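Enquirer: If it helps, the file is called target08.txt and holds compact mmCIF, C-alpha atoms:
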```
# COMPACT_ATOMS: atom_id res chain seq x y z
CA MET V 13 6.63 43.95 -56.87
CA VAL V 14 8.13 43.78 -53.46
CA SER V 15 9.57 40.49 -52.37
CA HIS V 16 9.80 39.53 -48.78
CA THR V 17 11.97 36.80 -47.48
CA ILE V 18 10.67 34.82 -44.56
CA PRO V 19 13.31 34.37 -41.93
CA SER V 20 13.94 30.78 -40.89
CA ARG V 21 12.58 29.77 -37.53
CA PRO V 22 14.96 29.12 -34.66
CA ALA V 23 15.69 25.46 -33.86
CA PHE V 24 13.69 25.50 -30.60
CA GLU V 25 10.49 26.34 -32.51
CA LYS V 26 10.79 23.39 -34.86
CA GLY V 27 9.92 20.83 -32.18
CA LEU V 28 11.63 17.76 -30.82
CA THR V 29 12.79 14.79 -32.76
CA LEU V 30 11.79 11.32 -31.68
CA VAL V 31 15.32 10.64 -30.41
CA GLU V 32 15.31 13.79 -28.27
CA LEU V 33 11.93 12.86 -26.85
CA LEU V 34 13.15 9.33 -25.99
CA VAL V 35 16.22 10.77 -24.26
CA VAL V 36 14.03 13.06 -22.15
CA LEU V 37 11.75 10.15 -21.18
CA LEU V 38 14.79 8.03 -20.31
CA VAL V 39 16.17 10.75 -18.03
CA ILE V 40 12.79 11.21 -16.33
CA SER V 41 12.43 7.47 -15.71
CA ALA V 42 15.99 7.25 -14.34
CA VAL V 43 15.38 10.12 -11.94
CA THR V 44 12.06 8.60 -10.84
CA THR V 45 13.67 5.19 -10.28
CA ILE V 46 16.23 6.77 -7.98
CA ALA V 47 14.00 9.35 -6.30
CA VAL V 48 11.01 7.22 -5.25
CA PRO V 49 12.93 4.72 -3.07
CA ALA V 50 14.99 7.59 -1.68
CA MET V 51 11.79 9.38 -0.68
CA SER V 52 10.72 6.41 1.41
CA LEU V 53 14.08 6.50 3.20
CA VAL V 54 13.81 10.22 3.83
CA PHE V 55 10.12 10.07 4.75
CA PRO V 56 9.45 6.74 6.48
CA SER V 57 6.02 8.01 7.48
CA LEU V 58 5.04 7.95 3.78
CA GLN V 59 5.93 4.28 3.55
CA ILE V 60 4.05 3.49 6.76
CA SER V 61 1.00 5.46 5.63
CA ALA V 62 0.91 3.69 2.28
CA THR V 63 1.25 0.27 3.94
CA ALA V 64 -1.39 1.11 6.55
CA GLU V 65 -3.79 2.23 3.83
CA GLU V 66 -3.20 -0.98 1.85
CA LEU V 67 -3.71 -3.10 4.97
CA SER V 68 -6.87 -1.26 6.06
CA SER V 69 -8.25 -1.60 2.53
CA ALA V 70 -7.66 -5.36 2.67
CA LEU V 71 -9.37 -5.55 6.07
CA ARG V 72 -12.39 -3.59 4.79
CA SER V 73 -12.58 -5.83 1.76
CA GLU V 74 -12.72 -8.93 3.98
CA ARG V 75 -15.42 -7.36 6.15
CA ILE V 76 -17.55 -6.46 3.14
CA ALA V 77 -17.07 -9.93 1.65
CA ALA V 78 -18.20 -11.60 4.88
CA THR V 79 -21.43 -9.61 5.00
CA ARG V 80 -22.18 -10.01 1.28
CA THR V 81 -21.43 -13.70 0.93
CA ARG V 82 -22.80 -14.59 4.37
CA ARG V 83 -19.59 -16.53 5.05
CA PRO V 84 -16.81 -15.83 7.54
CA THR V 85 -13.57 -14.47 6.08
CA HIS V 86 -10.25 -13.48 7.56
CA LEU V 87 -7.05 -11.64 6.84
CA GLU V 88 -3.91 -13.47 7.88
CA ILE V 89 -0.90 -11.35 8.91
CA ASP V 90 2.60 -12.81 8.94
CA VAL V 91 4.78 -10.62 11.17
CA GLU V 92 8.03 -12.45 10.40
CA ASN V 93 7.70 -12.46 6.60
CA LYS V 94 6.07 -9.00 6.56
CA SER V 95 3.05 -10.02 4.52
CA PHE V 96 -0.71 -10.51 4.67
CA ARG V 97 -3.09 -12.86 2.88
CA SER V 98 -6.81 -12.81 2.19
CA SER V 99 -8.73 -15.99 3.02
CA ARG V 100 -10.97 -15.60 -0.04
CA ARG V 101 -8.50 -14.48 -2.66
CA GLY V 102 -5.49 -16.41 -1.39
CA ILE V 103 -3.14 -13.70 -2.66
CA THR V 104 -0.19 -12.82 -0.44
CA THR V 105 0.76 -9.15 -0.33
CA SER V 106 4.24 -8.17 0.84
CA MET V 107 4.96 -5.23 3.09
CA PRO V 108 8.29 -3.34 3.28
CA LYS V 109 10.93 -5.55 4.90
CA ASP V 110 12.31 -2.80 7.15
CA LEU V 111 8.93 -2.26 8.81
CA GLU V 112 8.37 -3.39 12.38
CA ILE V 113 4.97 -5.02 12.92
CA VAL V 114 3.24 -5.74 16.22
CA LEU V 115 0.08 -7.82 15.91
CA LYS V 116 -2.45 -8.25 18.71
CA VAL V 117 -5.25 -10.72 18.03
CA ALA V 118 -7.42 -13.11 20.02
CA ARG V 119 -5.59 -16.22 21.21
CA SER V 120 -7.91 -18.37 19.09
CA GLU V 121 -6.77 -16.48 15.97
CA ARG V 122 -3.06 -17.22 16.47
CA VAL V 123 -1.84 -19.64 13.81
CA ASN V 124 1.63 -19.73 15.39
CA GLU V 125 4.06 -17.32 17.07
CA THR V 126 4.41 -15.08 14.02
CA ILE V 127 1.10 -15.47 12.17
CA GLY V 128 -2.28 -14.27 13.34
CA ARG V 129 -5.71 -13.62 11.80
CA ILE V 130 -8.47 -11.10 12.10
CA ALA V 131 -11.75 -12.79 11.21
CA PHE V 132 -14.96 -11.16 10.00
CA TYR V 133 -18.43 -12.68 10.31
CA PRO V 134 -21.61 -12.35 8.22
CA ASP V 135 -23.31 -10.18 10.86
CA GLY V 136 -20.51 -7.58 10.60
CA THR V 137 -18.70 -8.50 13.81
CA SER V 138 -15.09 -9.61 13.99
CA THR V 139 -12.56 -11.16 16.31
CA GLY V 140 -10.97 -7.72 16.61
CA GLY V 141 -7.33 -6.86 16.98
CA SER V 142 -4.70 -4.26 16.31
CA ILE V 143 -1.73 -3.93 13.98
CA THR V 144 1.04 -1.47 14.80
CA LEU V 145 3.43 -0.49 12.02
CA SER V 146 6.61 1.41 12.86
CA GLN V 147 9.85 2.44 11.24
CA ASN V 148 12.41 4.66 12.97
CA SER V 149 10.30 7.29 14.74
CA ALA V 150 7.20 6.96 12.51
CA LYS V 151 4.35 4.83 13.83
CA THR V 152 0.74 4.01 12.86
CA GLN V 153 -1.78 1.70 14.48
CA LEU V 154 -4.77 0.05 12.85
CA SER V 155 -7.51 -1.30 15.07
CA VAL V 156 -10.42 -3.59 14.28
CA ASP V 157 -13.39 -3.35 16.62
CA TRP V 158 -14.74 -6.79 17.59
CA PHE V 159 -18.29 -5.48 18.09
CA ASP V 160 -18.94 -3.97 14.68
CA GLY V 161 -15.84 -4.90 12.65
CA ARG V 162 -14.95 -1.28 11.91
CA ILE V 163 -11.38 -0.48 11.01
CA GLY V 164 -9.80 2.58 12.62
CA LYS V 165 -6.44 4.27 12.20
CA GLU V 166 -4.57 6.04 14.99
```
Please express the file's structure as structure tokens.
Expert:
Amino acid sequence: MVSHTIPSRPAFEKGLTLVELLVVLLVISAVTTIAVPAMSLVFPSLQISATAEELSSALRSERIAATRTRRPTHLEIDVENKSFRSSRRGITTSMPKDLEIVLKVARSERVNETIGRIAFYPDGTSTGGSITLSQNSAKTQLSVDWFDGRIGKE
């Protein structure tokens, strides 16, 4: 009878231990924690785009709510504190603090020098306005049409 010995498998084929796996996850999370904020510094247009998308989504949500509930709604933008708040949800959402914001709304929608609103009505119209977001050389403008309440991005 011929006997064969099975060679032992190299260490890399045996798999990872739980400790090794935890160390790898820890390193990945540390790199992500450092890299993501750095990306927004390197690519300010990414931060502006993300903020503009969040803001336009909130505006669309208010417009839809006004037509569905048959009640006026509005989104309040605070230029000084870099935040916006929904009239129906009452939740304040912060924007990046290093962002420059220029808000143009109807005089009747000015709460004070730094806070303004864009209102939406049950028939789909709005008070209209524009929000310009800029940081360094990156710039995006959102506009709300008073006639049909549509939100555009330039």
Enquirer: Neighbourhood query: residues within 9 Å of (-7.0, -16.8, 14.0), file coordinates, counting all atoms listed in the file; return as a PDB file with C-alpha atoms, in the coordinates of the input.
Expert:
```pdb
ATOM      1  CA  HIS V  86     -10.250 -13.480   7.560  1.00  0.00           C
ATOM      2  CA  LEU V  87      -7.050 -11.640   6.840  1.00  0.00           C
ATOM      3  CA  GLU V  88      -3.910 -13.470   7.880  1.00  0.00           C
ATOM      4  CA  VAL V 117      -5.250 -10.720  18.030  1.00  0.00           C
ATOM      5  CA  ALA V 118      -7.420 -13.110  20.020  1.00  0.00           C
ATOM      6  CA  ARG V 119      -5.590 -16.220  21.210  1.00  0.00           C
ATOM      7  CA  SER V 120      -7.910 -18.370  19.090  1.00  0.00           C
ATOM      8  CA  GLU V 121      -6.770 -16.480  15.970  1.00  0.00           C
ATOM      9  CA  ARG V 122      -3.060 -17.220  16.470  1.00  0.00           C
ATOM     10  CA  VAL V 123      -1.840 -19.640  13.810  1.00  0.00           C
ATOM     11  CA  ILE V 127       1.100 -15.470  12.170  1.00  0.00           C
ATOM     12  CA  GLY V 128      -2.280 -14.270  13.340  1.00  0.00           C
ATOM     13  CA  ARG V 129      -5.710 -13.620  11.800  1.00  0.00           C
ATOM     14  CA  ILE V 130      -8.470 -11.100  12.100  1.00  0.00           C
ATOM     15  CA  ALA V 131     -11.750 -12.790  11.210  1.00  0.00           C
ATOM     16  CA  THR V 139     -12.560 -11.160  16.310  1.00  0.00           C
TER      17      THR V 139
END
```
Enquirer: Just give me the gap between CA of Asn124 in chain V and CA of Asp90 in chain V in Å, one decimal is fine.
Expert: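 About the pair CA of Asn124 in chain V and CA of Asp90 in chain V: they are 9.5 Å apart.
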Enquirer: I'd like the contact shell of Arg72 in chain V - 9 Å cut-off, all atoms listed in the file, skipping same-chain residues fewer than 5 positions apart - returned as a list in words.
Expert: Leu67, Ala77, Gly161, Arg162 and Ile163 of chain V
Enquirer: I'd like the interatomic distance between CA of Ile60 in chain V and CA of Pro108 in chain V, to a tenth of an Å.
Expert: 8.8 Å
Enquirer: Please report the interatomic distance between CA of Glu125 in chain V and CA of Arg83 in chain V in Å with one decimal.
Expert: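 CA of Arg83 in chain V lies at a distance of 26.5 Å from CA of Glu125 in chain V.
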Enquirer: Please list, as a PDB file with C-alpha atoms, in the coordinates of the input, the residues that have an atom at most 6 Å away from (-14.4, -11.4, 6.9) in the coordinates of this file, counting all atoms listed in the file.
Expert:
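The result, written out as part.pdb:
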```pdb
ATOM      1  CA  GLU V  74     -12.720  -8.930   3.980  1.00  0.00           C
ATOM      2  CA  ARG V  75     -15.420  -7.360   6.150  1.00  0.00           C
ATOM      3  CA  ALA V  78     -18.200 -11.600   4.880  1.00  0.00           C
ATOM      4  CA  PRO V  84     -16.810 -15.830   7.540  1.00  0.00           C
ATOM      5  CA  THR V  85     -13.570 -14.470   6.080  1.00  0.00           C
ATOM      6  CA  HIS V  86     -10.250 -13.480   7.560  1.00  0.00           C
ATOM      7  CA  ALA V 131     -11.750 -12.790  11.210  1.00  0.00           C
ATOM      8  CA  PHE V 132     -14.960 -11.160  10.000  1.00  0.00           C
ATOM      9  CA  TYR V 133     -18.430 -12.680  10.310  1.00  0.00           C
TER      10      TYR V 133
END
```
Enquirer: Check the smallest atom-to-atom distance from each of V:Ser98, V:Ser138, V:Asn93, V:Thr79 to Asp110 in chain V using only C-alpha atoms, then report the winner.
Expert: V:Asn93
Enquirer: Counting all atoms listed in the file, figure out which residue out of V:Ala64, V:Ser106, V:Gly136, V:Arg82 gets nearest to Lys151 in chain V.
Expert: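 Answer, going by the shortest atom-to-atom distance: V:Ala64.
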Enquirer: Name the residues in contact with Ser155 in chain V at a cut-off of 10 Å, using all atoms listed in the file, excluding same-chain residues fewer than 5 positions from it; report them as a list in words.
Expert: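 Using all atoms listed in the file, the neighbours found are Ser68, Lys116, Gly140, Gly141, Ser142, Ile143, Thr144, Gly161, Arg162, Ile163, Gly164, Lys165 and Glu166 of chain V.
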Enquirer: Nearest to Pro134 in chain V: which of V:Ser69, V:Thr44, V:Ser149, V:Thr81 is it, counting only C-alpha atoms?
Expert: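 For Pro134 in chain V, the nearest of the given residues is V:Thr81.
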Enquirer: For Met107 in chain V, please output as a PyMOL selection string all residues within 9 Å (counting all atoms listed in the file; exclusion window: fewer than 5 positions along the same chain).
Expert: chain V and resi 63+93-96
Enquirer: Can you put N, CA and C atoms back into range 145-158 of chain V and show it as a PDB file, keeping the file's coordinate frame?
Expert:
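Just written: result_31.pdb:
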```pdb
ATOM      1  N   LEU V 145       2.338  -0.555  12.982  1.00  0.00           N
ATOM      2  CA  LEU V 145       3.430  -0.490  12.020  1.00  0.00           C
ATOM      3  C   LEU V 145       4.367   0.637  12.439  1.00  0.00           C
ATOM      4  N   SER V 146       5.661   0.356  12.488  1.00  0.00           N
ATOM      5  CA  SER V 146       6.610   1.410  12.860  1.00  0.00           C
ATOM      6  C   SER V 146       7.910   1.246  12.089  1.00  0.00           C
ATOM      7  N   GLN V 147       8.562   2.388  11.923  1.00  0.00           N
ATOM      8  CA  GLN V 147       9.850   2.440  11.240  1.00  0.00           C
ATOM      9  C   GLN V 147      10.538   3.699  11.736  1.00  0.00           C
ATOM     10  N   ASN V 148      11.708   3.543  12.334  1.00  0.00           N
ATOM     11  CA  ASN V 148      12.410   4.660  12.970  1.00  0.00           C
ATOM     12  C   ASN V 148      11.466   5.338  13.955  1.00  0.00           C
ATOM     13  N   SER V 149      11.165   6.602  13.793  1.00  0.00           N
ATOM     14  CA  SER V 149      10.300   7.290  14.740  1.00  0.00           C
ATOM     15  C   SER V 149       8.844   7.361  14.272  1.00  0.00           C
ATOM     16  N   ALA V 150       8.564   6.926  13.052  1.00  0.00           N
ATOM     17  CA  ALA V 150       7.200   6.960  12.510  1.00  0.00           C
ATOM     18  C   ALA V 150       6.433   5.725  12.972  1.00  0.00           C
ATOM     19  N   LYS V 151       5.144   5.931  13.300  1.00  0.00           N
ATOM     20  CA  LYS V 151       4.350   4.830  13.830  1.00  0.00           C
ATOM     21  C   LYS V 151       2.869   5.052  13.492  1.00  0.00           C
ATOM     22  N   THR V 152       2.176   3.974  13.124  1.00  0.00           N
ATOM     23  CA  THR V 152       0.740   4.010  12.860  1.00  0.00           C
ATOM     24  C   THR V 152       0.121   2.734  13.414  1.00  0.00           C
ATOM     25  N   GLN V 153      -1.087   2.877  13.955  1.00  0.00           N
ATOM     26  CA  GLN V 153      -1.780   1.700  14.480  1.00  0.00           C
ATOM     27  C   GLN V 153      -3.160   1.585  13.838  1.00  0.00           C
ATOM     28  N   LEU V 154      -3.451   0.378  13.361  1.00  0.00           N
ATOM     29  CA  LEU V 154      -4.770   0.050  12.850  1.00  0.00           C
ATOM     30  C   LEU V 154      -5.480  -0.778  13.908  1.00  0.00           C
ATOM     31  N   SER V 155      -6.755  -0.501  14.108  1.00  0.00           N
ATOM     32  CA  SER V 155      -7.510  -1.300  15.070  1.00  0.00           C
ATOM     33  C   SER V 155      -8.800  -1.780  14.417  1.00  0.00           C
ATOM     34  N   VAL V 156      -9.178  -3.005  14.771  1.00  0.00           N
ATOM     35  CA  VAL V 156     -10.420  -3.590  14.280  1.00  0.00           C
ATOM     36  C   VAL V 156     -11.295  -3.850  15.490  1.00  0.00           C
ATOM     37  N   ASP V 157     -12.459  -3.215  15.503  1.00  0.00           N
ATOM     38  CA  ASP V 157     -13.390  -3.350  16.620  1.00  0.00           C
ATOM     39  C   ASP V 157     -14.104  -4.703  16.526  1.00  0.00           C
ATOM     40  N   TRP V 158     -14.104  -5.460  17.602  1.00  0.00           N
ATOM     41  CA  TRP V 158     -14.740  -6.790  17.590  1.00  0.00           C
ATOM     42  C   TRP V 158     -16.248  -6.686  17.476  1.00  0.00           C
TER      43      TRP V 158
END
```
